[in-house]
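As provided, coords-v9.tsv (TSV, C-alpha atoms and all ligand atoms) reads as follows.
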chain	number	residue	atom	x	y	z
A	1	MET	CA	58.67	-42.70	0.08
A	2	LYS	CA	55.15	-43.06	-1.24
A	3	TYR	CA	54.81	-45.49	-4.09
A	4	MET	CA	53.66	-43.77	-7.27
A	5	GLY	CA	51.54	-45.88	-9.55
A	6	ILE	CA	52.82	-46.51	-13.02
A	7	TYR	CA	50.21	-49.09	-14.10
A	8	PRO	CA	46.56	-48.63	-15.08
A	9	PRO	CA	44.36	-47.92	-12.01
A	10	SER	CA	42.73	-51.39	-11.84
A	11	LEU	CA	46.12	-53.09	-11.80
A	12	GLU	CA	47.42	-50.59	-9.26
A	13	LYS	CA	44.45	-51.42	-7.06
A	14	LEU	CA	45.21	-55.14	-7.20
A	15	ILE	CA	48.87	-54.48	-6.33
A	16	GLU	CA	47.79	-52.30	-3.43
A	17	HIS	CA	45.43	-54.98	-2.06
A	18	LEU	CA	48.04	-57.72	-2.42
A	19	SER	CA	50.74	-55.66	-0.73
A	20	ARG	CA	48.55	-55.41	2.39
A	21	LEU	CA	48.93	-59.17	2.91
A	22	PRO	CA	51.49	-60.34	5.49
A	23	GLY	CA	54.95	-60.95	4.08
A	24	ILE	CA	54.11	-59.47	0.68
A	25	GLY	CA	55.89	-56.23	-0.15
A	26	GLN	CA	55.37	-53.94	-3.10
A	27	LYS	CA	57.71	-55.96	-5.32
A	28	SER	CA	56.08	-59.35	-4.67
A	29	ALA	CA	52.63	-57.80	-4.96
A	30	THR	CA	53.52	-56.41	-8.38
A	31	ARG	CA	54.94	-59.77	-9.48
A	32	VAL	CA	51.81	-61.63	-8.35
A	33	ALA	CA	49.50	-59.07	-9.94
A	34	LEU	CA	51.32	-59.22	-13.27
A	35	HIS	CA	51.26	-63.01	-13.13
A	36	ILE	CA	47.50	-63.00	-12.57
A	37	LEU	CA	47.09	-60.53	-15.42
A	38	ARG	CA	49.10	-62.70	-17.81
A	39	SER	CA	47.43	-65.96	-16.80
A	40	ASP	CA	44.24	-67.44	-18.22
A	41	ARG	CA	40.91	-66.28	-16.88
A	42	PRO	CA	40.23	-69.49	-14.83
A	43	LEU	CA	43.16	-68.68	-12.52
A	44	ALA	CA	41.69	-65.30	-11.63
A	45	GLU	CA	38.19	-66.77	-11.31
A	46	GLY	CA	39.40	-69.60	-9.09
A	47	LEU	CA	41.37	-67.24	-6.90
A	48	ALA	CA	38.49	-64.78	-6.51
A	49	ALA	CA	36.03	-67.58	-5.75
A	50	SER	CA	38.24	-69.26	-3.15
A	51	LEU	CA	38.92	-65.95	-1.40
A	52	LEU	CA	35.19	-65.47	-0.92
A	53	ASP	CA	34.65	-69.15	-0.11
A	54	VAL	CA	37.12	-68.99	2.76
A	55	LYS	CA	35.33	-66.00	4.23
A	56	GLU	CA	31.89	-67.53	3.81
A	57	LYS	CA	32.47	-71.19	4.66
A	58	ILE	CA	35.23	-71.39	7.23
A	59	ARG	CA	33.98	-71.19	10.77
A	60	PHE	CA	35.02	-72.35	14.21
A	61	CYS	CA	33.97	-75.84	15.29
A	62	SER	CA	31.48	-75.33	18.14
A	63	ILE	CA	33.12	-78.18	20.11
A	64	CYS	CA	36.91	-77.88	19.64
A	65	HIS	CA	37.07	-74.30	18.20
A	66	ASN	CA	39.28	-75.39	15.30
A	67	LEU	CA	38.72	-73.96	11.83
A	68	THR	CA	36.32	-76.05	9.79
A	69	ASP	CA	33.97	-76.09	6.80
A	70	ASP	CA	31.45	-78.20	8.70
A	71	ASP	CA	30.33	-77.85	12.27
A	72	PRO	CA	31.18	-79.98	14.22
A	73	CYS	CA	34.49	-80.64	12.48
A	74	GLY	CA	35.57	-84.03	11.09
A	75	ILE	CA	37.63	-84.98	14.15
A	76	CYS	CA	34.85	-84.08	16.62
A	77	ARG	CA	32.41	-86.16	14.53
A	78	ASP	CA	34.76	-89.13	14.28
A	79	GLU	CA	33.84	-91.65	16.99
A	80	ARG	CA	37.22	-93.40	16.60
A	81	ARG	CA	38.85	-90.26	17.97
A	82	ALA	CA	36.81	-90.48	21.17
A	83	ASN	CA	39.52	-92.31	23.15
A	84	GLY	CA	39.38	-90.24	26.33
A	85	SER	CA	42.35	-88.03	25.38
A	86	ILE	CA	42.16	-84.39	24.53
A	87	CYS	CA	45.12	-82.34	23.31
A	88	VAL	CA	45.00	-78.59	24.00
A	89	VAL	CA	46.78	-76.37	21.47
A	90	GLU	CA	47.12	-72.63	20.93
A	91	GLY	CA	45.96	-72.33	17.33
A	92	PRO	CA	44.84	-74.17	14.18
A	93	GLY	CA	48.44	-74.23	12.86
A	94	ASP	CA	49.61	-76.13	15.94
A	95	GLN	CA	46.70	-78.57	15.66
A	96	LEU	CA	47.65	-79.22	12.03
A	97	ALA	CA	51.31	-79.83	12.96
A	98	LEU	CA	50.35	-82.36	15.64
A	99	GLU	CA	47.76	-84.01	13.43
A	100	SER	CA	50.16	-84.43	10.52
A	101	SER	CA	52.64	-86.16	12.85
A	102	GLY	CA	49.99	-88.91	13.02
A	103	ILE	CA	50.91	-89.82	16.61
A	104	PHE	CA	47.95	-88.46	18.50
A	105	LYS	CA	44.68	-90.33	18.02
A	106	GLY	CA	42.39	-88.45	20.35
A	107	ARG	CA	40.59	-85.14	20.03
A	108	TYR	CA	41.83	-81.57	20.14
A	109	HIS	CA	40.84	-78.35	21.78
A	110	VAL	CA	42.02	-75.13	20.13
A	111	LEU	CA	42.34	-72.16	22.49
A	112	ASN	CA	42.87	-69.65	19.67
A	113	GLY	CA	45.32	-67.76	21.84
A	114	VAL	CA	47.24	-67.84	25.10
A	115	LEU	CA	46.71	-66.11	28.41
A	116	SER	CA	48.02	-62.58	28.15
A	117	PRO	CA	46.66	-60.37	30.96
A	118	LEU	CA	48.33	-57.25	29.57
A	119	ASP	CA	46.42	-57.68	26.29
A	120	GLY	CA	43.21	-58.44	28.13
A	121	VAL	CA	43.26	-62.14	27.27
A	122	GLY	CA	42.05	-64.15	30.25
A	123	PRO	CA	40.44	-67.58	30.71
A	124	GLU	CA	37.13	-66.17	29.49
A	125	GLU	CA	38.56	-64.93	26.19
A	126	LEU	CA	40.12	-68.36	25.62
A	127	LYS	CA	36.76	-69.98	26.40
A	128	VAL	CA	38.37	-72.26	28.94
A	129	SER	CA	34.91	-73.19	30.28
A	130	ASP	CA	34.13	-74.75	26.87
A	131	LEU	CA	37.11	-77.05	27.34
A	132	LEU	CA	36.04	-78.12	30.86
A	133	ARG	CA	32.49	-78.71	29.63
A	134	ARG	CA	33.75	-81.43	27.29
A	135	PHE	CA	35.30	-83.62	29.98
A	136	GLU	CA	32.17	-85.37	31.20
A	137	PRO	CA	30.29	-86.09	27.96
A	138	GLU	CA	33.49	-87.18	26.19
A	139	LYS	CA	34.68	-89.22	29.20
A	140	ILE	CA	38.09	-87.52	29.15
A	141	ARG	CA	40.80	-89.30	31.17
A	142	GLU	CA	43.87	-87.44	29.92
A	143	VAL	CA	44.47	-83.84	28.93
A	144	ILE	CA	47.70	-83.14	27.04
A	145	LEU	CA	48.74	-79.51	27.29
A	146	ALA	CA	50.49	-78.75	23.99
A	147	THR	CA	50.72	-74.99	24.14
A	148	ASN	CA	54.04	-73.67	22.83
A	149	PRO	CA	57.11	-73.45	25.10
A	150	THR	CA	57.03	-69.66	25.19
A	151	THR	CA	56.50	-67.66	28.38
A	152	ALA	CA	52.80	-67.15	27.59
A	153	GLY	CA	52.37	-70.75	26.44
A	154	GLN	CA	53.96	-72.06	29.64
A	155	ALA	CA	51.83	-69.76	31.78
A	156	THR	CA	48.70	-70.95	29.98
A	157	ALA	CA	49.69	-74.61	30.48
A	158	SER	CA	50.39	-74.03	34.18
A	159	PHE	CA	47.07	-72.28	34.64
A	160	LEU	CA	45.10	-75.02	32.86
A	161	GLY	CA	47.07	-77.77	34.60
A	162	GLY	CA	46.31	-76.30	38.01
A	163	LEU	CA	42.66	-75.70	37.23
A	164	ILE	CA	42.03	-79.17	35.79
A	165	SER	CA	43.94	-81.05	38.53
A	166	GLU	CA	41.98	-79.15	41.16
A	167	ARG	CA	38.52	-79.62	39.70
A	168	TYR	CA	39.00	-83.00	38.04
A	169	PRO	CA	41.43	-84.97	40.21
A	170	ASP	CA	40.72	-88.18	38.24
A	171	ILE	CA	41.98	-86.71	34.96
A	172	THR	CA	45.68	-87.08	34.18
A	173	VAL	CA	47.16	-83.82	32.94
A	174	THR	CA	50.37	-84.00	30.94
A	175	ARG	CA	52.56	-81.43	29.25
A	176	ILE	CA	54.49	-82.08	26.03
A	177	ALA	CA	58.08	-82.31	27.05
A	178	LEU	CA	61.56	-82.79	25.68
A	179	GLY	CA	62.61	-81.77	22.23
A	180	ILE	CA	60.61	-78.58	21.96
A	181	PRO	CA	63.08	-75.76	22.68
A	182	MET	CA	62.06	-72.78	24.81
A	183	GLY	CA	60.64	-70.09	22.58
A	184	GLY	CA	59.84	-72.67	19.91
A	185	ASP	CA	56.67	-72.94	17.89
A	186	LEU	CA	54.91	-76.22	17.12
A	187	LYS	CA	53.90	-74.98	13.67
A	188	TYR	CA	57.52	-75.08	12.57
A	189	MET	CA	58.60	-78.32	14.27
A	190	ASP	CA	59.47	-81.40	12.28
A	191	ARG	CA	57.56	-84.65	12.72
A	192	MET	CA	60.32	-86.33	14.78
A	193	THR	CA	60.41	-83.49	17.29
A	194	ILE	CA	56.64	-83.50	17.69
A	195	GLU	CA	56.56	-87.28	18.02
A	196	HIS	CA	59.24	-87.14	20.71
A	197	ALA	CA	57.52	-84.29	22.55
A	198	LEU	CA	54.23	-86.17	22.62
A	199	LYS	CA	55.73	-89.49	23.63
A	200	THR	CA	57.80	-88.01	26.47
A	201	ARG	CA	55.01	-85.88	27.90
A	202	LEU	CA	55.16	-85.43	31.64
A	203	PRO	CA	52.48	-85.28	34.30
A	204	VAL	CA	51.58	-81.79	35.46
A	205	ARG	CA	51.45	-81.40	39.21
A	206	PRO	CA	49.30	-78.74	40.77
A	301	ZN	ZN	35.89	-79.90	16.31

Could you express the structure from this file as structure tokens?
Amino acid sequence: MKYMGIYPPSLEKLIEHLSRLPGIGQKSATRVALHILRSDRPLAEGLAASLLDVKEKIRFCSICHNLTDDDPCGICRDERRANGSICVVEGPGDQLALESSGIFKGRYHVLNGVLSPLDGVGPEELKVSDLLRRFEPEKIREVILATNPTTAGQATASFLGGLISERYPDITVTRIALGIPMGGDLKYMDRMTIEHALKTRLPVRP
């Protein structure tokens, strides 16, 4: 059933835009829109400004491909993080989950996806060469593969593990291990689980 507008056109337009966002249905969109309408002007101004800010300022770090305001990002600029370890994750949400666990002190590499041949996502789309290019200048000795324990995440880890072990036999490749259930997602793991997974990582054999 098509929704028939009952509010003034400008309010209807806001509701329509909001309801296009993920997880926001018509009801929530209406509630949010009415809340914005009732609130003071600074709320609307702040919201509008930060929406545009995000689109204008957020970019991908040219080194680790994580989302950042500044390029290179804070972690890539931080010399204390240059400890020879690099942790490979699927997306910015996974990087954030690992980082907030506070266990890992090295640098990250964000693939922004997983291998998915049927969707046309191969090593080139994931910019795997950008990852390999970092090994020498950053004197990488260990690569931790922290892609999610899904079928695609596992396949991506196996592919990277094989590739790295073959081309860089001196680098230790490990895979986060116990505690992360199959089909799980790092973004939704608690700190204890992530800590355990990182600490019990296992070597990847080609
Ligand atoms: Zn970076």

Contact residues around segment 74-78 of chain A with all atoms listed in the file at 10 Å, ignoring same-chain residues under 6 positions, as a list of chain:residue names: A:Cys61, A:Ser62, A:Ile63, A:Cys64, A:Asn66, A:Thr68, A:Lys105, A:Gly106, A:Arg107, A:Tyr108, A:His109

Out of A:Ala33, A:Ile6, A:Cys73, A:Ala146, which residue has the shortest atom-to-atom distance to Ser19 of chain A when counting all atoms listed in the file?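 Under the stated criterion, the closest residue is A:Ala33.
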
Check the smallest atom-to-atom distance from each of A:Glu166, A:Asp69, A:Glu125, A:Glu90 to ligand ZN 301 (chain A) using only C-alpha atoms and all ligand atoms, then report the winner.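 Once distances to ligand ZN 301 (chain A) are computed over only C-alpha atoms and all ligand atoms, the minimum belongs to A:Asp69.
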
Write out as a compact mmCIF listing (two decimals) with C-alpha atoms, in the frame of the given file the residues lying within 9 Å of Arg191 of chain A, counting only C-alpha atoms and excluding same-chain residues fewer than 6 positions away.
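Everything below was put into part_0.txt:
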# COMPACT_ATOMS: atom_id res chain seq x y z
CA ALA A 97 51.31 -79.83 12.96
CA LEU A 98 50.35 -82.36 15.64
CA SER A 100 50.16 -84.43 10.52
CA SER A 101 52.64 -86.16 12.85
CA GLY A 102 49.99 -88.91 13.02

Determine, counting all atoms listed in the file, which protein, DNA and RNA residues have an atom within 12 Å of an atom of Ala157 of chain A; residues of the same chain fewer than 6 positions away are not included. Present the result as JSON, numbers by chain. {"A": [87, 88, 89, 90, 111, 113, 114, 115, 123, 128, 143, 144, 145, 146, 147, 148, 149, 150, 151, 163, 164, 165, 173, 174, 175, 176, 177, 203, 204, 205, 206]}

Expected file contents, prior selection, C-alpha atoms, as a compact mmCIF listing (two decimals), keeping the file's coordinate frame:
# COMPACT_ATOMS: atom_id res chain seq x y z
CA CYS A 87 45.12 -82.34 23.31
CA VAL A 88 45.00 -78.59 24.00
CA VAL A 89 46.78 -76.37 21.47
CA GLU A 90 47.12 -72.63 20.93
CA LEU A 111 42.34 -72.16 22.49
CA GLY A 113 45.32 -67.76 21.84
CA VAL A 114 47.24 -67.84 25.10
CA LEU A 115 46.71 -66.11 28.41
CA PRO A 123 40.44 -67.58 30.71
CA VAL A 128 38.37 -72.26 28.94
CA VAL A 143 44.47 -83.84 28.93
CA ILE A 144 47.70 -83.14 27.04
CA LEU A 145 48.74 -79.51 27.29
CA ALA A 146 50.49 -78.75 23.99
CA THR A 147 50.72 -74.99 24.14
CA ASN A 148 54.04 -73.67 22.83
CA PRO A 149 57.11 -73.45 25.10
CA THR A 150 57.03 -69.66 25.19
CA THR A 151 56.50 -67.66 28.38
CA LEU A 163 42.66 -75.70 37.23
CA ILE A 164 42.03 -79.17 35.79
CA SER A 165 43.94 -81.05 38.53
CA VAL A 173 47.16 -83.82 32.94
CA THR A 174 50.37 -84.00 30.94
CA ARG A 175 52.56 -81.43 29.25
CA ILE A 176 54.49 -82.08 26.03
CA ALA A 177 58.08 -82.31 27.05
CA PRO A 203 52.48 -85.28 34.30
CA VAL A 204 51.58 -81.79 35.46
CA ARG A 205 51.45 -81.40 39.21
CA PRO A 206 49.30 -78.74 40.77

Shortest interatomic distance to ligand ZN 301 (chain A) - which of A:Pro8, A:Gly122, A:Pro92, A:Pro42, counting only C-alpha atoms and all ligand atoms: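 Comparing A:Pro8, A:Gly122, A:Pro92, A:Pro42 against ligand ZN 301 (chain A), the winner is A:Pro92.
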
List as a PyMOL selection string: which residues have an atom within 12 Å of (57.4, -77.8, 13.2), counting all atoms listed in the file? chain A and resi 93-101+148+179-181+184-195+197
